[in-house]
Amino acid sequence: MTYSNDVEALDAFVKKYHALKSEISKVIIGQDVVVQNLLISLFSKGHCLLVGVPGLAKTLLVNTTAHALGLKYSRIQFTPDLMPSDIVGTEILDENRKFRFIKGPVFANIILADEINRTPPKTQSALLEAMQEKKVTVAGNSYNLEEPFFVLATQNPIEQEGTYPLPEAQLDRFMFNINLDYPAFEDEMRIVNETTSDLTKETDIILSSEEIIYFQDLIRRIPVVDNVIRYAVELVSKTRPNTEKATELANKYISWGAGPRASQYLILGAKSHAALNGKYAPDIEDVKKSAHLVLSHRIVKNYRAEAEGISINDIINELMK
């Protein structure tokens, strides 16, 4: 896989992206924006949090994406009795009376952490450490995780009894917070028609691991002008109450704002969004496209906002004006 320059490589990336979306849409109906945001996160080397009620094909989406990318896929069902060793692996005594490491499900390219808020913090942190460090440590030995490494965690927003919500510091590890909504009526008609028949659809592999890693590095090389970086950093700074750049709105409705990682992810998201749309450098509009996805799980609103029915999305919209 050789390209004469980055412009040629970006043109090839756009073609691969459209082929990939087309392949995923064979199985996943009517979730175009969700698929796009998921792929933006993947090519930005970020992780995603998927929030949606049961039955919206979250598992199918991840499984289909992994298959179209030719990646090793692993699903971990998070339950209250799940232990860290169930995720990262454990050492066993083999027949030669020597300790041998048995790899856990985290040793894959795409991990689906299903209902991550159903397991205690000790187990959650085992996965979150792997996300951050790209390696795991067991019995004093470190094991590197294979690249590309991409975690998609799901949360059910309607059942909170018996759950362990992710703390803000751990939510910050996720690049995007993607909300899945109910499908449109016509899309649901098609879903029901296709899934209740004997029709089976197979997806082809569009990209290899090597190509994904190459395009991830290519995204990093995309240049960004200073005014776009300034816009992203100022937008994030506005969310921090009682600081120099804080707006009246932030002081009134926000108890905790977003950290520097939000600024980084806004720029990476803007680079990927620009590239997927055939642009060779992102502008402010590309930053805005990622704003809700990056900021919604990093801003903590206060009791006044709750009492007045002000949502996080309302706050972000105001800050972008």
# chains A, B, ... in the order shown; residues from 1 in each chain; ligands from 1
$ closest_atom_pairs --of "stretch 176-289 of chain A" --to "stretch 16-32 of chain A" --cutoff "12 Å" --atoms "only C-alpha atoms" --output "JSON lines"
{"residue": "A:Ile178", "atom": "CA", "partner": "A:Gln31", "partner_atom": "CA", "distance": 11.5}
{"residue": "A:Asn179", "atom": "CA", "partner": "A:Gln31", "partner_atom": "CA", "distance": 10.9}
{"residue": "A:Leu180", "atom": "CA", "partner": "A:Gln31", "partner_atom": "CA", "distance": 8.3}
{"residue": "A:Asp181", "atom": "CA", "partner": "A:Gln31", "partner_atom": "CA", "distance": 8.9}
{"residue": "A:Tyr182", "atom": "CA", "partner": "A:Gln31", "partner_atom": "CA", "distance": 9.5}
{"residue": "A:Pro183", "atom": "CA", "partner": "A:Gly30", "partner_atom": "CA", "distance": 6.6}
{"residue": "A:Ala184", "atom": "CA", "partner": "A:Gly30", "partner_atom": "CA", "distance": 7.4}
{"residue": "A:Phe185", "atom": "CA", "partner": "A:Gly30", "partner_atom": "CA", "distance": 10.0}
{"residue": "A:Glu186", "atom": "CA", "partner": "A:Gly30", "partner_atom": "CA", "distance": 9.0}
{"residue": "A:Asp187", "atom": "CA", "partner": "A:Gly30", "partner_atom": "CA", "distance": 5.8}
{"residue": "A:Glu188", "atom": "CA", "partner": "A:Ile29", "partner_atom": "CA", "distance": 8.2}
{"residue": "A:Met189", "atom": "CA", "partner": "A:Ile29", "partner_atom": "CA", "distance": 10.2}
{"residue": "A:Arg190", "atom": "CA", "partner": "A:Ile29", "partner_atom": "CA", "distance": 7.7}
{"residue": "A:Ile191", "atom": "CA", "partner": "A:Ile29", "partner_atom": "CA", "distance": 6.7}
{"residue": "A:Val192", "atom": "CA", "partner": "A:Ile29", "partner_atom": "CA", "distance": 10.5}
{"residue": "A:Asn193", "atom": "CA", "partner": "A:Ile29", "partner_atom": "CA", "distance": 11.5}
{"residue": "A:Glu194", "atom": "CA", "partner": "A:Val27", "partner_atom": "CA", "distance": 9.4}
{"residue": "A:Thr195", "atom": "CA", "partner": "A:Val27", "partner_atom": "CA", "distance": 9.7}
{"residue": "A:Leu199", "atom": "CA", "partner": "A:Val27", "partner_atom": "CA", "distance": 10.9}
{"residue": "A:Thr200", "atom": "CA", "partner": "A:Val27", "partner_atom": "CA", "distance": 9.0}
{"residue": "A:Lys201", "atom": "CA", "partner": "A:Val27", "partner_atom": "CA", "distance": 6.6}
{"residue": "A:Glu202", "atom": "CA", "partner": "A:Val27", "partner_atom": "CA", "distance": 8.0}
{"residue": "A:Thr203", "atom": "CA", "partner": "A:Glu23", "partner_atom": "CA", "distance": 5.9}
{"residue": "A:Asp204", "atom": "CA", "partner": "A:Glu23", "partner_atom": "CA", "distance": 6.9}
{"residue": "A:Ile205", "atom": "CA", "partner": "A:Leu20", "partner_atom": "CA", "distance": 8.4}
{"residue": "A:Ile206", "atom": "CA", "partner": "A:Leu20", "partner_atom": "CA", "distance": 6.0}
{"residue": "A:Leu207", "atom": "CA", "partner": "A:Lys16", "partner_atom": "CA", "distance": 7.5}
{"residue": "A:Ser208", "atom": "CA", "partner": "A:Lys16", "partner_atom": "CA", "distance": 10.9}
{"residue": "A:Glu211", "atom": "CA", "partner": "A:Lys16", "partner_atom": "CA", "distance": 9.8}
{"residue": "A:Ile212", "atom": "CA", "partner": "A:Lys16", "partner_atom": "CA", "distance": 10.2}
{"residue": "A:Phe215", "atom": "CA", "partner": "A:Lys16", "partner_atom": "CA", "distance": 10.2}
{"residue": "A:Ser272", "atom": "CA", "partner": "A:Tyr17", "partner_atom": "CA", "distance": 10.9}
{"residue": "A:His273", "atom": "CA", "partner": "A:Tyr17", "partner_atom": "CA", "distance": 11.3}
{"residue": "A:Ala275", "atom": "CA", "partner": "A:Tyr17", "partner_atom": "CA", "distance": 9.8}
{"residue": "A:Leu276", "atom": "CA", "partner": "A:Tyr17", "partner_atom": "CA", "distance": 6.9}
{"residue": "A:Asn277", "atom": "CA", "partner": "A:Tyr17", "partner_atom": "CA", "distance": 9.7}
{"residue": "A:Gly278", "atom": "CA", "partner": "A:Tyr17", "partner_atom": "CA", "distance": 10.6}
$ select_by_dssp --residues "stretch 183-300 of chain A" --states "helix (DSSP H, G or I)" --output "PyMOL selection string"
chain A and resi 185-195+209-221+226-237+248-253+260-276+284-295
$ closest_residue --among "A:Tyr280, A:Phe101, A:Phe107, A:Tyr253" --to "A:Leu319" --atoms "only C-alpha atoms"
A:Tyr253
$ closest_residue --among "A:Ala153, A:Ile315, A:Ile76, A:Leu82" --to "A:Glu248" --atoms "only C-alpha atoms"
A:Ile315
$ closest_residue --among "A:Glu95, A:Glu8, A:Glu285, A:Glu168" --to "A:Val300" --atoms "only C-alpha atoms"
A:Glu168
